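Enquirer: Just so it is clear, I am handing over structure_29.cif, which has mmCIF, C-alpha atoms.
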```cif
data_protein
loop_
_atom_site.group_PDB
_atom_site.id
_atom_site.type_symbol
_atom_site.label_atom_id
_atom_site.label_comp_id
_atom_site.auth_asym_id
_atom_site.auth_seq_id
_atom_site.Cartn_x
_atom_site.Cartn_y
_atom_site.Cartn_z
ATOM 1 C CA MET D 1 71.929 147.040 80.161
ATOM 2 C CA ILE D 2 74.276 146.345 77.247
ATOM 3 C CA GLU D 3 75.726 142.851 77.183
ATOM 4 C CA GLN D 4 79.327 142.297 76.105
ATOM 5 C CA PRO D 5 79.580 145.190 73.602
ATOM 6 C CA LEU D 6 83.302 144.732 72.913
ATOM 7 C CA TRP D 7 85.788 141.880 72.585
ATOM 8 C CA TYR D 8 85.330 138.995 75.012
ATOM 9 C CA ASP D 9 88.882 139.239 76.330
ATOM 10 C CA ASP D 10 89.196 142.993 76.765
ATOM 11 C CA PHE D 11 88.516 144.288 80.286
ATOM 12 C CA TYR D 12 90.446 147.500 79.601
ATOM 13 C CA PHE D 13 88.257 148.875 76.777
ATOM 14 C CA HIS D 14 85.103 147.706 78.553
ATOM 15 C CA SER D 15 86.320 149.746 81.527
ATOM 16 C CA MET D 16 86.888 152.824 79.386
ATOM 17 C CA LEU D 17 83.428 152.455 77.829
ATOM 18 C CA GLN D 18 81.628 151.766 81.146
ATOM 19 C CA LYS D 19 83.051 154.968 82.638
ATOM 20 C CA ARG D 20 81.438 156.952 79.810
ATOM 21 C CA LEU D 21 78.005 155.280 79.919
ATOM 22 C CA ALA D 22 75.058 155.683 82.277
ATOM 23 C CA THR D 23 73.803 152.313 81.022
ATOM 24 C CA ALA D 24 75.259 149.269 82.771
ATOM 25 C CA ILE D 25 77.536 146.957 80.804
ATOM 26 C CA CYS D 26 77.074 143.257 81.500
ATOM 27 C CA LEU D 27 80.091 141.031 80.920
ATOM 28 C CA ASP D 28 79.256 137.488 79.890
ATOM 29 C CA GLU D 29 81.760 135.716 77.620
ATOM 30 C CA SER D 30 84.609 137.428 79.490
ATOM 31 C CA ILE D 31 83.843 135.675 82.771
ATOM 32 C CA ARG D 32 85.388 132.197 82.764
ATOM 33 C CA ASN D 33 86.219 131.973 86.483
ATOM 34 C CA ARG D 34 86.400 133.984 89.719
ATOM 35 C CA ARG D 35 89.703 135.562 88.703
ATOM 36 C CA ASP D 36 88.064 137.065 85.600
ATOM 37 C CA ALA D 37 85.156 138.387 87.674
ATOM 38 C CA LEU D 38 87.531 139.964 90.189
ATOM 39 C CA ALA D 39 89.568 141.574 87.395
ATOM 40 C CA ALA D 40 86.434 142.976 85.746
ATOM 41 C CA ILE D 41 85.236 144.405 89.057
ATOM 42 C CA ALA D 42 88.648 145.855 89.983
ATOM 43 C CA MET D 43 88.931 147.556 86.589
ATOM 44 C CA GLU D 44 85.293 148.736 86.735
ATOM 45 C CA SER D 45 84.735 147.075 83.362
ATOM 46 C CA CYS D 46 81.044 146.481 84.040
ATOM 47 C CA ARG D 47 78.229 146.860 86.538
ATOM 48 C CA ILE D 48 76.696 143.418 85.926
ATOM 49 C CA ILE D 49 78.396 140.048 85.558
ATOM 50 C CA ASN D 50 76.627 137.098 83.955
ATOM 51 C CA ILE D 51 78.064 133.952 85.501
ATOM 52 C CA LYS D 52 77.435 130.939 83.258
ATOM 53 C CA VAL D 53 77.266 127.813 85.386
ATOM 54 C CA GLY D 54 78.996 125.574 82.839
ATOM 55 C CA ARG D 55 81.669 128.049 81.858
ATOM 56 C CA VAL D 56 82.900 128.803 85.380
ATOM 57 C CA GLY D 57 83.113 125.154 86.437
ATOM 58 C CA GLY D 58 79.724 124.234 87.873
ATOM 59 C CA PHE D 59 77.334 125.335 90.583
ATOM 60 C CA SER D 60 79.854 125.407 93.427
ATOM 61 C CA GLU D 61 82.119 127.793 91.548
ATOM 62 C CA ALA D 62 79.165 129.868 90.329
ATOM 63 C CA ILE D 63 77.946 130.583 93.845
ATOM 64 C CA ALA D 64 81.384 130.767 95.509
ATOM 65 C CA ARG D 65 81.748 134.498 95.132
ATOM 66 C CA THR D 66 82.979 135.160 98.679
ATOM 67 C CA PRO D 67 85.806 137.477 97.595
ATOM 68 C CA MET D 68 83.368 139.398 95.368
ATOM 69 C CA ARG D 69 80.450 139.906 97.759
ATOM 70 C CA ARG D 70 81.453 143.383 98.864
ATOM 71 C CA ARG D 71 82.292 144.572 95.370
ATOM 72 C CA SER D 72 80.223 146.940 93.257
ATOM 73 C CA ALA D 73 78.890 144.638 90.529
ATOM 74 C CA ALA D 74 75.518 142.904 90.371
ATOM 75 C CA PHE D 75 75.413 139.257 89.329
ATOM 76 C CA GLN D 76 73.076 137.262 87.160
ATOM 77 C CA CYS D 77 73.343 133.541 86.669
ATOM 78 C CA GLY D 78 72.996 132.177 83.144
ATOM 79 C CA ALA D 79 73.205 128.924 81.293
ATOM 80 C CA ALA D 80 72.638 129.657 77.610
ATOM 81 C CA GLU D 81 70.358 127.487 75.566
ATOM 82 C CA CYS D 82 73.000 124.909 74.792
ATOM 83 C CA TRP D 83 71.817 122.686 77.632
ATOM 84 C CA ARG D 84 68.261 122.724 78.979
ATOM 85 C CA ARG D 85 69.143 121.156 82.314
ATOM 86 C CA ALA D 86 71.728 123.878 82.887
ATOM 87 C CA SER D 87 69.048 126.456 82.207
ATOM 88 C CA GLY D 88 66.975 125.057 85.048
ATOM 89 C CA GLY D 89 70.102 124.956 87.147
ATOM 90 C CA ALA D 90 70.656 128.653 86.529
ATOM 91 C CA GLN D 91 67.170 129.333 87.868
ATOM 92 C CA HIS D 92 68.012 127.416 91.039
ATOM 93 C CA CYS D 93 71.437 128.997 91.324
ATOM 94 C CA ALA D 94 69.930 132.478 91.238
ATOM 95 C CA LEU D 95 67.235 131.519 93.736
ATOM 96 C CA VAL D 96 69.452 129.629 96.190
ATOM 97 C CA ALA D 97 72.433 131.954 96.157
ATOM 98 C CA GLY D 98 70.154 134.914 96.764
ATOM 99 C CA GLU D 99 72.711 137.488 95.675
ATOM 100 C CA PHE D 100 72.030 137.117 91.980
ATOM 101 C CA LEU D 101 70.116 139.883 90.262
ATOM 102 C CA ALA D 102 68.402 137.382 87.941
ATOM 103 C CA ALA D 103 68.678 134.106 86.114
ATOM 104 C CA GLY D 104 69.769 135.147 82.628
ATOM 105 C CA ASP D 105 69.574 133.334 79.294
ATOM 106 C CA VAL D 106 66.554 131.346 80.431
ATOM 107 C CA SER D 107 63.507 131.082 78.190
ATOM 108 C CA ALA D 108 60.570 128.831 77.421
ATOM 109 C CA SER D 109 61.272 125.331 76.129
ATOM 110 C CA ALA D 110 58.869 125.848 73.215
ATOM 111 C CA ARG D 111 60.996 128.721 71.935
ATOM 112 C CA TYR D 112 63.704 126.290 70.868
ATOM 113 C CA TRP D 113 62.280 122.757 70.763
ATOM 114 C CA ALA D 114 59.138 120.923 69.740
ATOM 115 C CA GLU D 115 59.874 118.504 72.594
ATOM 116 C CA ASP D 116 62.189 119.233 75.496
ATOM 117 C CA ILE D 117 64.446 116.660 77.162
ATOM 118 C CA ILE D 118 63.348 117.703 80.659
ATOM 119 C CA GLU D 119 60.127 117.739 82.661
ATOM 120 C CA PRO D 120 58.487 119.978 83.556
ATOM 121 C CA GLU D 121 59.049 122.092 80.466
ATOM 122 C CA VAL D 122 60.147 125.641 81.159
ATOM 123 C CA THR D 123 57.333 128.142 80.569
ATOM 124 C CA VAL D 124 57.208 131.928 80.765
ATOM 125 C CA SER D 125 54.207 133.700 82.299
ATOM 126 C CA ALA D 126 52.461 136.696 80.735
ATOM 127 C CA ARG D 127 54.515 138.858 83.141
ATOM 128 C CA GLY D 128 57.767 137.382 81.775
ATOM 129 C CA GLU D 129 58.421 135.264 84.859
ATOM 130 C CA ILE D 130 59.645 131.680 85.023
ATOM 131 C CA GLU D 131 58.625 129.538 87.975
ATOM 132 C CA VAL D 132 61.482 127.656 89.596
ATOM 133 C CA PRO D 133 60.603 123.959 90.018
ATOM 134 C CA ARG D 134 60.493 122.740 93.609
ATOM 135 C CA GLY D 135 61.552 119.131 93.003
ATOM 136 C CA ILE D 136 64.638 117.320 94.262
ATOM 137 C CA GLY D 137 67.990 118.511 92.930
ATOM 138 C CA CYS D 138 67.450 121.142 90.274
ATOM 139 C CA GLY D 139 63.746 120.264 90.113
ATOM 140 C CA PHE D 140 63.759 118.770 86.626
ATOM 141 C CA THR D 141 63.596 115.175 85.464
ATOM 142 C CA VAL D 142 65.719 114.229 82.472
ATOM 143 C CA LEU D 143 63.669 112.295 79.910
ATOM 144 C CA ARG D 144 66.233 109.618 79.105
ATOM 145 C CA ASP D 145 63.981 107.849 76.600
ATOM 146 C CA ARG D 146 63.689 111.100 74.615
ATOM 147 C CA ILE D 147 67.470 111.563 74.690
ATOM 148 C CA GLU D 148 67.876 107.948 73.569
ATOM 149 C CA SER D 149 65.498 108.509 70.641
ATOM 150 C CA LEU D 150 67.529 111.560 69.567
ATOM 151 C CA THR D 151 70.925 109.882 69.877
ATOM 152 C CA VAL D 152 72.645 109.531 66.505
ATOM 153 C CA ARG D 153 75.824 107.764 67.611
ATOM 154 C CA ARG D 154 77.427 106.577 70.805
ATOM 155 C CA ARG D 155 80.987 105.948 71.858
ATOM 156 C CA THR D 156 82.152 104.405 75.101
ATOM 157 C CA LEU D 157 85.524 105.493 76.443
ATOM 158 C CA ARG D 158 87.358 103.364 78.960
ATOM 159 C CA ALA D 159 90.355 104.292 81.066
ATOM 160 C CA SER D 160 93.517 102.481 80.127
ATOM 161 C CA ALA D 161 95.771 100.698 82.620
ATOM 162 C CA ARG D 162 97.896 103.091 84.652
ATOM 163 C CA VAL D 163 101.574 103.069 83.760
ATOM 164 C CA THR D 164 104.114 103.903 86.452
ATOM 165 C CA ALA D 165 107.690 104.899 85.734
#
```
So that I can check it, write out the structure of this file as structure tokens.
Expert:
Amino acid sequence: MIEQPLWYDDFYFHSMLQKRLATAICLDESIRNRRDALAAIAMESCRIINIKVGRVGGFSEAIARTPMRRRSAAFQCGAAECWRRASGGAQHCALVAGEFLAAGDVSASARYWAEDIIEPEVTVSARGEIEVPRGIGCGFTVLRDRIESLTVRRRTLRASARVTA
């Protein structure tokens, strides 16, 4: 697999390249919603689509691939390392939805942080596997006291009174 070898917004040249390669192209940054995924599939721009939970609008949108189910692309569910809780969510998304090839962009907590903000920490087995937690929700507990200790500044935003014309 080659992930996102060309420009993030170019389905056409990805399509031209994919037709010349035996290796599957995986589109990642290109996929911002279902419409993008459908366009990539219709143009045969890739064979794998990495659906990032946060980028496509949450878990409901990530698993709502009804119009894509009979298409010819495989799906993996990713989260990137920008948010640990999302990473755990990607594991659950891939497991629950069942149609995902894998949970992508998921790695051990220790790879990036001395202390994670979730429990249990994410670990990778010697076989390269990550166990999906079985707890309530996404299976992780957010360590609010750790987040609080890392907070540098805080700002509270309040809605203003509604003005009608």
Enquirer: Which is closer to Glu44 (chain D) than all the others in D:Val56, D:Val122, D:Val163, D:Ile25, using all atoms listed in the file?
Expert: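 Closest candidate: D:Ile25.
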Enquirer: Do you have the CA of Glu29 (chain D)-CA of Gly57 (chain D) distance handy?
Expert: 13.8 Å
Enquirer: Using only C-alpha atoms, which residue out of D:Glu115, D:Glu61, D:Glu129, D:Glu121 lies closest to Ala37 (chain D)?
Expert: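 Going through D:Glu115, D:Glu61, D:Glu129, D:Glu121 one by one, the smallest distance to Ala37 (chain D) is for D:Glu61.
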Enquirer: Using the chain letters and numbering of this document, enumerate as a PyMOL selection string the residues selected by the PyMOL selection byres ((chain D and resi 142-154) around 10).
Expert: chain D and resi 84-85+115-120+139-141+155-157
Enquirer: Using only C-alpha atoms, which residues sit within 9 Å of Leu27 (chain D) once same-chain residues fewer than 4 positions away are excluded, as a list in words?
Expert: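 Final neighbour list, sorted by chain and number: Ile2, Glu3, Gln4, Pro5, Tyr8, His14, Ile31, Ala37, Ala40, Ser45, Cys46, Arg47, Ile48, Ile49, Asn50 and Ile51 of chain D.
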Enquirer: Hey, can I get the axis-aligned box for region 140-143 of chain D? All listed atoms, 6 Å padding on each side, centre and edge lengths in Å to one decimal, as lines of an AutoDock Vina configuration file.
Expert:
```
center_x = 64.7
center_y = 115.5
center_z = 83.3
size_x = 14.1
size_y = 18.5
size_z = 18.7
```
Enquirer: Between D:Ala114, D:Cys26, D:Val132, D:Leu21, which has the minimum distance to Ile41 (chain D) (counting all atoms listed in the file)?
Expert: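 Using all atoms listed in the file, Ile41 (chain D) sits closest to D:Cys26.
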Enquirer: Can you work out which one of D:Asn33, D:Asp28, D:Lys52, D:Trp113 has the shortest atom-to-atom distance to Asp10 (chain D), counting all atoms listed in the file?
Expert: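 The closest residue to Asp10 (chain D) is D:Asp28.
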Enquirer: CA of Thr123 (chain D) and CA of Arg111 (chain D) are how many Å apart?
Expert: 9.4 Å
Enquirer: Smallest atom-to-atom distance to Phe11 (chain D): which of D:Met43, D:Val53, D:Ala24, D:Leu38, using all atoms listed in the file?
Expert: D:Met43
Enquirer: Looking at only C-alpha atoms, which of D:Val124, D:Ala161, D:Met16, D:Leu6 is the one that sits closest to Ser30 (chain D)?
Expert: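 Looking only at the distances to Ser30 (chain D), the closest residue turns out to be D:Leu6.
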